[in-house]
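Heads up: the structure comes next, in structure tokens.
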Amino acid sequence: MKYKDTIHLPRTEFPMRAKLPQREPETLAFWNDEKIYQRMIQARKGNQDYILHDGPPYSNGHVHIGTALNKVVKDFIIKYKSMDGYFSPYVPGWDNHGLPIENNVLSEFRKKKAEITRLAVRKRCREYAARFVDIQKREFVRLGVLGEWDNPYLTMSLKYESEILRIFARLVSKGYIYRDLRSIYWCPHCETALADAEIEYKEKTSHSIWIRFPLLADPDGVFDADKENAYALVWTTTPWTIPANLALTVKPDFEYYVVDKDGECYLLARALYEQVARELEWDTSRVEIKKRLTGTELANLVFRHPIFDRPAPVLQGVFVTADQGTGVVHTAPGHGEDDFLIGKKHGLEILCPVDKRGCFTDEAGERFAGLHIDKGNDEVLKALIEKDALLKQSSVNHQYPHCWRCHKPVIYRATPQWFLNVDHQGHRQKAIDAVNKVRWVPEESYERIKAAIEGRPDWCLSRQRFWGVGIPAFYCNDCDEAILSAEIAERTADLVERYSADFWFEPDVMKHYDDISCPKCGSKNLRPEQDILDVWFDSSCSSLIVCRNWEGLRWPVELFLEGPDQHRGWFNVSLMTSLGAEDTIPYGTVVTHGWVVDQEGKAMHKSLGNYVTTDEIVDKYGADVLRLWVAAAEYTRDVRVSDEILDRVIDAYRKIRNTLRFLMGNLADFTEADKLATSELGALDRYVLHEAQKLIDNVREGFDNFISHKAFQAIYQFCGVTLSSFYLDVVKDTLYTRGRDSKNRRSVQTVMAEVLDILIRLLAPLASFTAEEAYRVSPFKDKKKSVFLLDFPRANPAFEDRDLAYEFSQLLVVRDEVLKKLEIERSAENLKGSIDARVTLAAKDTSLANLLRKYQSQLAELFIVSQVQLASADEMQDEFGENNLAIEVHKPNGEKCVRCWLWSESVGSHPDHPGLCDKCYEAITYDQT
RNA sequence: GGGCCUAUAGCUCAGUUGGUUAGAGCGCACGCCUGAUAAGCGUGAGGUCGGUAGUUCGACUCUACCUAGGCCCA
């Protein structure tokens with residue numbers, strides 16, 4: 001008889017090799033064909049809901065790895081919540097309007113030399129966006145993300161576009177929207193506004209002039225100098241902006257000097273004094289530093305414009321730098337971003353005496369009016385010289401913004417724009433209060449969003465672009481009045497819902513508004529606004545629009561979850577719009593994840609060659625590996641990717657997979673009917689069952705608190721340590737060699753089946769493909785269609801046994817000591833396999849000695865040796881070690897059983913099977929009957 | 001330049017209110033097994049906690065500064 005054939009070896013169809021890139025698409029097809037997402041949601045319909053609102057990625061290009069991380073984390077949460085009984089539908093969305101798509105489309109047009117018209121470009125933008133929605137959708141689905149992929153939201157859909165305008169109308173009716181000037185990049189050659197993304201920096205030679213502003217008022221007497229000879233010293237590279245000067249800006253925490261140079265006093269920053277003195281060729285031995293002041297102390301000074309007879313008050317600004325100039329900055333609110341913001345903050349006029357072609361207007365004064373700013377530069381210099389305000393004139397080479405189309409230098413120019421008033425009726429304070437009521441994960445997020453809201457300027461809603469939702473305003477062709485009303489916006493919304501936002505740009509659009517006339521002059525000769533809404537406004541409306549219009553959702557929602565850039569972006573604007581339009585906070589919890597960075601923690605750039613794509617990982621290793629990479633990461637910090645990190649993830653994946661496989665392999669002959677009652681289980685088995693309940697608690701705690709890596713690590717360690725290297729190794733002998741239906745073996749299998757069931761469910765949100773695959777081949781009866789229709793495990797108090805767990809923790813310490821001793825013997829070549837050992841053990845500690853005696857019959861199995869004998873201290877040759885244990889290793893008694901390979905004195909006592917020990921004899925007899 | 005944040009073994013992560021020789025798993029090295037086999041098991045070697053200076057009887061844990069990195073703003 002071949003005894004090997006009587007051994008119960010594992011059998012399973014669950015392959016060791018995952019071949020995820022090949023196998024995952026089959027699982028995807030299954031999920032799709034069987035509508036598993038819909039079933040997962042429907043199964044929980046009527047239960048308490050948990051709504052995560054998806055932040056829309058931009059529909060341009062392929063899915064970036066950071067976006068993949070974002071979607072996978074969301075998927076963890078949706079699946080966990082669903083399995084835990086919540087009704088948790090997931091409606092993904094895309095942000096479609098905006099500059100990147102428009103620019104790509106425009107360059108297509110230029111390449112083809114096609115005529116650029118608003119309507120043609122918009123049509124092409126729509127197609128372009130739709131194409132990338134499809135591409136990205138496929139890529140997200142490939143990651144195993146379940147959701148309403150057949151019914152996503154698109155910001156360019158007719159419904160969405162019209163709802164944007166309805167929300168806008170609400171803000172108009174509540175008085176949030178106003179019109180004002182704003183300083184933006186402008187190309188005088190192309191006569192167009194430019195976005196930041198359309199600027200290229202190039203070397204340019206500019207003027208470099210040092211000028212002085214005479215002191216006009218010093219109410220605090222800080223200057224301490226004769227007004228006639230006191231000046232602020234100022235440097236600039238753009239003389240043509242001097243006519244637009246309305247202020248000077250200093251930095252509050254800089255130190256400033258008032259220096260006396262030949263009887264003339266100048267104000268400048270201490271940090272720049274040396275540099276300035278060198279530049280102006282001052283003999284510093286003859287310059288006296290009269291006063292040292294902080295920027296704050298300069299607050300009430302007023303200087304006089306160097307050319308015109310008007311004041312230039314001193315303002316406090318943090319943007320002032322100490323790398324060039326004088327630390328006293330020429331401020332022209334119409335000609336610079338900083339200038340604009342600080343000007344607005346202090347209520348200065350946004351003076352911009354330059355027209356769209358780059359020529360001075362009448363506002364620049366008679367002398368300059370009509371001149372192009374290039375000529376204007378020279379004229380300004382002349383005027384400065386006449387006023388004795390120019391101290392030095394030279395030139396400088398520096399990086400200067402140029403237009404990406406005509407490559408000529410651009411300017412800042414103030415143009416009329418539409419704004420949302422952030423301080424309207426205490427709106428900002430309401431937002432700050434709101435932020436206090438939201439749960440921010442991680443907690444530091446709170447500081448960021450608070451700072452972002454406190455510091456944000458009024459929201460400029462208008463863009464001089466093509467691809468977006470037109471602002472529903474008119475201009476009177478007769479008196480130039482701007483006309484905006486909630487009623488017009490509402491009517492436009494209805495029209496957009498019917499025709500799409502493109503209709504606004506049709507040549508005959510005014511026919512829909514023939515009853516509207518100018519409220520100022522009564523004219524009916526109106527034209528539609530051509531500016532579009534900032535795309536941030538589109539996305540700021542998403543929670544309102546989607547969660548109120550999609551079946552099953554509700555607003556406000558429970559969760560927003562995005563990257564750290566959204567503190568100033570989507571988290572911020574969503575709050576602005578929701579609070580403004582509805583006086584409601586859109587979210588209860590906001591989770592922020594980190595950025596995906598490379599091995600060194602550096603941002604990934606295509607040019608740096610450290611760029612990792614989602615495709616690479618999915619095609620090479622499979623989506624489950626990518627998912628586990630996300631699961632293993634502490635994702636509220638930046639998350640690193642590298643080959644080594646992925647290698648470790650793959651190792652973890654294999655370990656988990658093999659553990660599932662071994663569990664299933666040993667359950668091939670186990671059915672529901674073979675299950676033992678908990679009270680009948682062996683002590684070791686009950687201990688593992690107890691540990692499994694702890695595992696469940698840990699995993700749940702991880703998911704509940706957005707700490708998926710805690711869940712992952714708990715599962716991984718349970719598989720690797722509790723199961724693979726301990727329990728499953730120990731229990732192998734029982735599984736293989738005991739009678740098929742023996743109580744010992746069935747006890748082990750009962751626990752293995754329970755643990756397998758738990759593991760598959762715990763893994764489902766994380767390694768979804770593998771969990772589904774395992775579930776489909778698992779030996780359970782009455783299976784549901786999918787793992788996602790199962791309930792998430794909950795710790796079963798009936799399986800918990802703290803006293804037993806304590807005893808085993810003690811036994812495990814002893815086990816470690818025994819294993820160390822065995823290793824020593826192995827190194828000394830006294831021993832090979834542990835089953836060829838007999839261990840003699842003595843414990844000094846009475847309670848431990850008692851514990852060992854209690855478990856005496858199971859110690860050999862626990863240590864995986866042939867025999868264990870307990871001895872008293874004086875019987876031991878060996879010293880007692882740290883744990884008050886003495887351990888000796890000897891050759892076992894009796895003979896080695898040819899079937900189970902363990903040594904036993906019973907070998908030879910069965911004439912019909914002379915090579916077998918009692919246990920094996922019993923097993924074969926048992927199995928044969 | 002400003003705001004917020006991060007920095008513990010090769011990797012991913014733990015380290016309670018400051019208090020004994022800083023932990024885990026993986027990887028690695030060495031070895032065992034060949035009845036989980038492109039598997040399984042054991043033992044072991046690796047950090048002085050980014051750096052500096054403080055506070056303290058005592059700091060990975062507190063403070064300041066610096067360095068590197070991230071997001072945003074400028």
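If you're wondering about the labels, chains in the structure tokens are A, B, ... by order shown, residues count from 1 in each chain, ligands from 1 in order shown.
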I'd like the neighbourhood of Gly221 (chain A) as a VMD selection string, where a residue qualifies if any of its atoms comes within 12 Å (using only C-alpha atoms (C1' of nucleotides)), though same-chain residues fewer than 4 positions away should be ignored. chain A and resid 215 to 217 225 to 227 291 293 297 to 302
Store the residues of this selection in a file with N, CA and C atoms, as a CSV table (one decimal), in the first residue's frame.
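Below is the file result-v4.csv, written as the result:
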chain,number,residue,atom,x,y,z
A,215,LEU,N,8.1,113.2,-0.2
A,215,LEU,CA,7.2,113.0,1.0
A,215,LEU,C,6.1,114.1,1.0
A,216,LEU,N,4.9,113.6,1.3
A,216,LEU,CA,3.8,114.5,1.3
A,216,LEU,C,3.2,114.7,2.7
A,217,ALA,N,3.1,113.6,3.4
A,217,ALA,CA,2.6,113.7,4.8
A,217,ALA,C,3.2,112.6,5.7
A,225,ALA,N,12.3,114.1,9.1
A,225,ALA,CA,13.2,114.9,8.1
A,225,ALA,C,12.4,116.0,7.5
A,226,ASP,N,13.1,116.9,7.0
A,226,ASP,CA,12.5,118.1,6.3
A,226,ASP,C,11.8,117.5,5.1
A,227,LYS,N,10.5,117.9,5.0
A,227,LYS,CA,9.7,117.4,4.0
A,227,LYS,C,10.2,117.7,2.6
A,291,LYS,N,17.6,106.8,10.5
A,291,LYS,CA,16.5,106.2,11.2
A,291,LYS,C,16.4,104.7,10.8
A,293,LEU,N,13.5,101.7,10.9
A,293,LEU,CA,12.1,101.6,11.1
A,293,LEU,C,11.6,100.2,10.6
A,297,GLU,N,5.8,100.5,10.9
A,297,GLU,CA,5.8,101.9,11.4
A,297,GLU,C,5.6,103.0,10.2
A,298,LEU,N,5.7,102.5,9.0
A,298,LEU,CA,5.6,103.4,7.8
A,298,LEU,C,4.1,103.6,7.4
A,299,ALA,N,3.2,102.9,8.2
A,299,ALA,CA,1.9,102.8,7.7
A,299,ALA,C,1.2,104.1,7.3
A,300,ASN,N,1.4,105.2,8.0
A,300,ASN,CA,0.7,106.4,7.7
A,300,ASN,C,1.4,107.4,6.8
A,301,LEU,N,2.5,107.0,6.3
A,301,LEU,CA,3.2,107.9,5.4
A,301,LEU,C,2.5,108.1,4.1
A,302,VAL,N,2.5,109.3,3.5
A,302,VAL,CA,2.0,109.5,2.1
A,302,VAL,C,3.1,110.2,1.3
Quick one: residues within 10 Å of region 130-136 of chain A, only C-alpha atoms (C1' of nucleotides), excluding same-chain residues fewer than 4 positions away - as a PyMOL selection string? chain A and resi 57-64+93-96+124-126+140-142+149+152+154+156
Per residue of chain B within 10 Å of chain A, what are the shortest atom pair and its distance in Å to one decimal, counting only C-alpha atoms (C1' of nucleotides), with rows by chain and residue number, as a Markdown table?
| residue | atom | partner | partner_atom | distance |
| --- | --- | --- | --- | --- |
| B:G1 | C1' | A:Thr321 | CA | 6.4 |
| B:G2 | C1' | A:Val318 | CA | 7.3 |
| B:G3 | C1' | A:Ala451 | CA | 7.0 |
| B:C4 | C1' | A:Arg448 | CA | 5.2 |
| B:C5 | C1' | A:Glu444 | CA | 7.7 |
| B:U6 | C1' | A:Arg637 | CA | 6.9 |
| B:A7 | C1' | A:Gly601 | CA | 10.0 |
| B:G10 | C1' | A:Glu644 | CA | 9.0 |
| B:C11 | C1' | A:Ile645 | CA | 5.9 |
| B:U12 | C1' | A:Ala632 | CA | 6.6 |
| B:C13 | C1' | A:Glu634 | CA | 7.9 |
| B:A14 | C1' | A:Lys710 | CA | 9.8 |
| B:A24 | C1' | A:Gln717 | CA | 8.8 |
| B:G25 | C1' | A:Gln717 | CA | 6.3 |
| B:C26 | C1' | A:Arg648 | CA | 6.6 |
| B:G27 | C1' | A:Arg648 | CA | 7.4 |
| B:C30 | C1' | A:Ser827 | CA | 9.7 |
| B:G31 | C1' | A:Ser827 | CA | 7.3 |
| B:C32 | C1' | A:Gly833 | CA | 6.1 |
| B:C33 | C1' | A:Gly833 | CA | 6.8 |
| B:G35 | C1' | A:Leu9 | CA | 6.6 |
| B:A36 | C1' | A:Phe662 | CA | 5.7 |
| B:A38 | C1' | A:Arg17 | CA | 8.4 |
| B:A39 | C1' | A:Asn658 | CA | 8.2 |
| B:G40 | C1' | A:Asp729 | CA | 7.9 |
| B:C41 | C1' | A:Ser725 | CA | 6.9 |
| B:G42 | C1' | A:Glu823 | CA | 6.6 |
| B:U43 | C1' | A:Glu823 | CA | 6.0 |
| B:A68 | C1' | A:Gly601 | CA | 9.6 |
| B:G69 | C1' | A:Gly601 | CA | 6.0 |
| B:G70 | C1' | A:Asp638 | CA | 6.7 |
| B:C71 | C1' | A:Pro564 | CA | 5.6 |
| B:C72 | C1' | A:Asp565 | CA | 6.2 |
| B:C73 | C1' | A:Ala452 | CA | 9.0 |
| B:A74 | C1' | A:Phe319 | CA | 6.1 |
Nearest residue to Asp84 (chain A) from the set A:Trp186, A:Tyr513, A:Tyr50, A:Trp536 (distances using only C-alpha atoms): A:Tyr50
Residues near Val591 (chain A), anyone? I mean within 9 Å using only C-alpha atoms (C1' of nucleotides), not counting same-chain ones fewer than 4 positions away, as a list of chain:residue names.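 That gives A:Arg439, A:Trp440, A:Val441, A:Pro442, A:Ser445, A:Leu559, A:Phe560, A:Leu561, A:Glu562, A:Gly563, A:Thr636, A:Phe706.
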Region 770-812 of chain A: residues DSSP assigns to alpha helix (DSSP H), reported as a list in words: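 Restricting region 770-812 of chain A to alpha helix (DSSP H) produces Thr770, Ala771, Glu772, Glu773, Ala774, Tyr775, Arg776, Val777, Arg802, Asp803, Leu804, Ala805, Tyr806, Glu807, Phe808, Ser809, Gln810, Leu811 and Leu812 of chain A.
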Separation of CA of Thr192 (chain A) and CA of Lys408 (chain A), in Å? 12.5 Å
Residues near Leu268 (chain A), cut-off 7 Å, only C-alpha atoms (C1' of nucleotides), skip fewer than 3 positions along chain, as an mmCIF file with N, CA and C atoms, in the first residue's frame:
data_model
loop_
_atom_site.group_PDB
_atom_site.id
_atom_site.type_symbol
_atom_site.label_atom_id
_atom_site.label_comp_id
_atom_site.auth_asym_id
_atom_site.auth_seq_id
_atom_site.Cartn_x
_atom_site.Cartn_y
_atom_site.Cartn_z
ATOM 1 N N ALA A 232 10.807 108.710 -0.979
ATOM 2 C CA ALA A 232 10.860 107.246 -1.022
ATOM 3 C C ALA A 232 11.621 106.877 -2.282
ATOM 4 N N LEU A 233 12.488 105.872 -2.173
ATOM 5 C CA LEU A 233 13.299 105.455 -3.310
ATOM 6 C C LEU A 233 12.636 104.218 -3.922
ATOM 7 N N TYR A 256 13.489 99.075 7.651
ATOM 8 C CA TYR A 256 13.747 100.147 6.672
ATOM 9 C C TYR A 256 14.703 101.183 7.252
ATOM 10 N N TYR A 257 15.451 101.776 6.343
ATOM 11 C CA TYR A 257 16.346 102.879 6.726
ATOM 12 C C TYR A 257 15.811 104.181 6.157
ATOM 13 N N VAL A 258 16.029 105.257 6.913
ATOM 14 C CA VAL A 258 15.985 106.573 6.294
ATOM 15 C C VAL A 258 17.440 107.025 6.266
ATOM 16 N N TYR A 273 20.005 98.012 1.040
ATOM 17 C CA TYR A 273 20.765 99.262 1.109
ATOM 18 C C TYR A 273 22.095 99.168 0.358
ATOM 19 N N THR A 326 14.176 98.333 -4.044
ATOM 20 C CA THR A 326 14.487 99.077 -2.836
ATOM 21 C C THR A 326 13.674 98.647 -1.627
ATOM 22 N N GLY A 327 12.761 97.693 -1.854
ATOM 23 C CA GLY A 327 11.877 97.295 -0.748
ATOM 24 C C GLY A 327 10.680 98.223 -0.601
ATOM 25 N N VAL A 328 10.656 99.291 -1.427
ATOM 26 C CA VAL A 328 9.490 100.173 -1.498
ATOM 27 C C VAL A 328 8.976 100.020 -2.927
#
Just want the 12 Å neighbourhood of C66 (chain B), counted on only C-alpha atoms (C1' of nucleotides), with same-chain residues fewer than 2 positions away dropped. Output as a list in words.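 Those residues are G50, G51, U52, A53, A64 and A68 of chain B.
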Would you save the residues of that selection, restricted to all heavy atoms, as a CSV table (one decimal), in the first residue's frame?
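Output file result_29.csv is given in full below:
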chain,number,residue,atom,x,y,z
B,50,G,P,13.8,62.0,12.4
B,50,G,OP1,13.7,62.9,13.5
B,50,G,OP2,12.6,61.7,11.6
B,50,G,O5',14.9,62.4,11.4
B,50,G,C5',15.6,61.5,10.6
B,50,G,C4',16.5,62.3,9.7
B,50,G,O4',15.8,63.1,8.8
B,50,G,C3',17.4,63.2,10.5
B,50,G,O3',18.5,62.6,11.1
B,50,G,C2',17.8,64.2,9.4
B,50,G,O2',18.8,63.7,8.6
B,50,G,C1',16.5,64.3,8.6
B,50,G,N9,15.6,65.4,9.2
B,50,G,C8,14.4,65.2,9.7
B,50,G,N7,13.8,66.3,10.1
B,50,G,C5,14.8,67.3,9.8
B,50,G,C6,14.8,68.7,10.0
B,50,G,O6,13.9,69.4,10.5
B,50,G,N1,15.9,69.3,9.6
B,50,G,C2,17.0,68.6,9.0
B,50,G,N2,18.1,69.4,8.7
B,50,G,N3,17.0,67.3,8.8
B,50,G,C4,15.9,66.7,9.2
B,51,G,P,19.1,63.1,12.5
B,51,G,OP1,20.2,62.1,12.9
B,51,G,OP2,18.0,63.4,13.4
B,51,G,O5',19.8,64.5,12.1
B,51,G,C5',20.9,64.5,11.3
B,51,G,C4',21.4,65.9,11.1
B,51,G,O4',20.4,66.7,10.5
B,51,G,C3',21.7,66.6,12.4
B,51,G,O3',23.0,66.3,13.0
B,51,G,C2',21.5,68.1,12.0
B,51,G,O2',22.7,68.6,11.4
B,51,G,C1',20.4,68.0,11.0
B,51,G,N9,19.1,68.2,11.6
B,51,G,C8,18.1,67.3,11.9
B,51,G,N7,17.0,67.8,12.5
B,51,G,C5,17.4,69.2,12.6
B,51,G,C6,16.6,70.3,13.1
B,51,G,O6,15.4,70.3,13.5
B,51,G,N1,17.3,71.5,13.0
B,51,G,C2,18.5,71.6,12.5
B,51,G,N2,19.0,72.9,12.5
B,51,G,N3,19.3,70.6,12.0
B,51,G,C4,18.6,69.4,12.1
B,52,U,P,23.2,66.4,14.6
B,52,U,OP1,24.6,65.9,14.8
B,52,U,OP2,22.0,65.8,15.2
B,52,U,O5',23.2,68.0,14.9
B,52,U,C5',24.1,68.8,14.3
B,52,U,C4',23.8,70.3,14.7
B,52,U,O4',22.6,70.6,14.0
B,52,U,C3',23.6,70.5,16.2
B,52,U,O3',24.8,70.7,16.9
B,52,U,C2',22.8,71.8,16.1
B,52,U,O2',23.6,72.9,15.9
B,52,U,C1',21.9,71.6,14.9
B,52,U,N1,20.6,71.0,15.2
B,52,U,C2,19.6,71.9,15.7
B,52,U,O2,19.8,73.1,15.7
B,52,U,N3,18.4,71.4,16.0
B,52,U,C4,18.1,70.0,16.0
B,52,U,O4,17.0,69.7,16.3
B,52,U,C5,19.1,69.2,15.5
B,52,U,C6,20.3,69.7,15.2
B,53,A,P,24.7,70.3,18.5
B,53,A,OP1,26.1,70.5,19.0
B,53,A,OP2,24.0,69.1,18.7
B,53,A,O5',23.9,71.6,19.1
B,53,A,C5',24.4,72.9,18.9
B,53,A,C4',23.4,73.9,19.4
B,53,A,O4',22.2,73.8,18.5
B,53,A,C3',22.8,73.6,20.8
B,53,A,O3',23.7,74.1,21.8
B,53,A,C2',21.5,74.4,20.7
B,53,A,O2',21.7,75.8,20.9
B,53,A,C1',21.0,74.1,19.3
B,53,A,N9,20.1,72.9,19.3
B,53,A,C8,20.4,71.6,19.0
B,53,A,N7,19.3,70.8,19.0
B,53,A,C5,18.3,71.7,19.4
B,53,A,C6,16.9,71.5,19.7
B,53,A,N6,16.3,70.3,19.6
B,53,A,N1,16.2,72.5,20.0
B,53,A,C2,16.8,73.7,20.1
B,53,A,N3,18.0,74.1,19.9
B,53,A,C4,18.7,73.0,19.6
B,64,A,P,8.6,76.7,17.9
B,64,A,OP1,7.7,77.8,17.5
B,64,A,OP2,8.5,75.4,17.2
B,64,A,O5',10.1,77.2,17.7
B,64,A,C5',10.5,78.5,18.2
B,64,A,C4',12.0,78.7,17.9
B,64,A,O4',12.7,77.8,18.7
B,64,A,C3',12.4,78.5,16.5
B,64,A,O3',12.1,79.6,15.7
B,64,A,C2',13.9,78.2,16.7
B,64,A,O2',14.6,79.4,16.9
B,64,A,C1',13.9,77.4,17.9
B,64,A,N9,13.8,75.9,17.7
B,64,A,C8,12.7,75.1,17.7
B,64,A,N7,13.0,73.9,17.4
B,64,A,C5,14.3,73.9,17.2
B,64,A,C6,15.3,72.8,16.9
B,64,A,N6,14.9,71.6,16.7
B,64,A,N1,16.6,73.1,16.7
B,64,A,C2,16.9,74.4,16.9
B,64,A,N3,16.2,75.5,17.2
B,64,A,C4,14.9,75.1,17.4
B,68,A,P,17.9,72.5,0.9
B,68,A,OP1,18.7,72.6,-0.3
B,68,A,OP2,16.9,73.5,1.3
B,68,A,O5',17.1,71.1,0.9
B,68,A,C5',17.8,69.9,0.5
B,68,A,C4',16.9,68.7,0.6
B,68,A,O4',16.6,68.5,2.0
B,68,A,C3',15.6,68.8,-0.1
B,68,A,O3',15.7,68.6,-1.5
B,68,A,C2',14.8,67.8,0.6
B,68,A,O2',15.1,66.5,0.2
B,68,A,C1',15.3,68.0,2.1
B,68,A,N9,14.4,68.9,2.8
B,68,A,C8,14.6,70.2,3.1
B,68,A,N7,13.6,70.8,3.8
B,68,A,C5,12.7,69.8,4.0
B,68,A,C6,11.5,69.7,4.6
B,68,A,N6,11.0,70.7,5.2
B,68,A,N1,10.9,68.5,4.7
B,68,A,C2,11.4,67.5,4.1
B,68,A,N3,12.6,67.4,3.4
B,68,A,C4,13.2,68.6,3.4
Which polymer residues have any atom within 12 Å of an atom of G19 (chain B), counting only C-alpha atoms (C1' of nucleotides), with same-chain residues fewer than 5 positions away left out, as a list in words?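 So the residues in contact are U56, C57, G58, A59 and U61 of chain B.
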Shortest interatomic distance to Ser500 (chain A) - which of A:Lys159, A:Arg853, A:Lys785, A:Arg428, counting only C-alpha atoms: A:Lys159
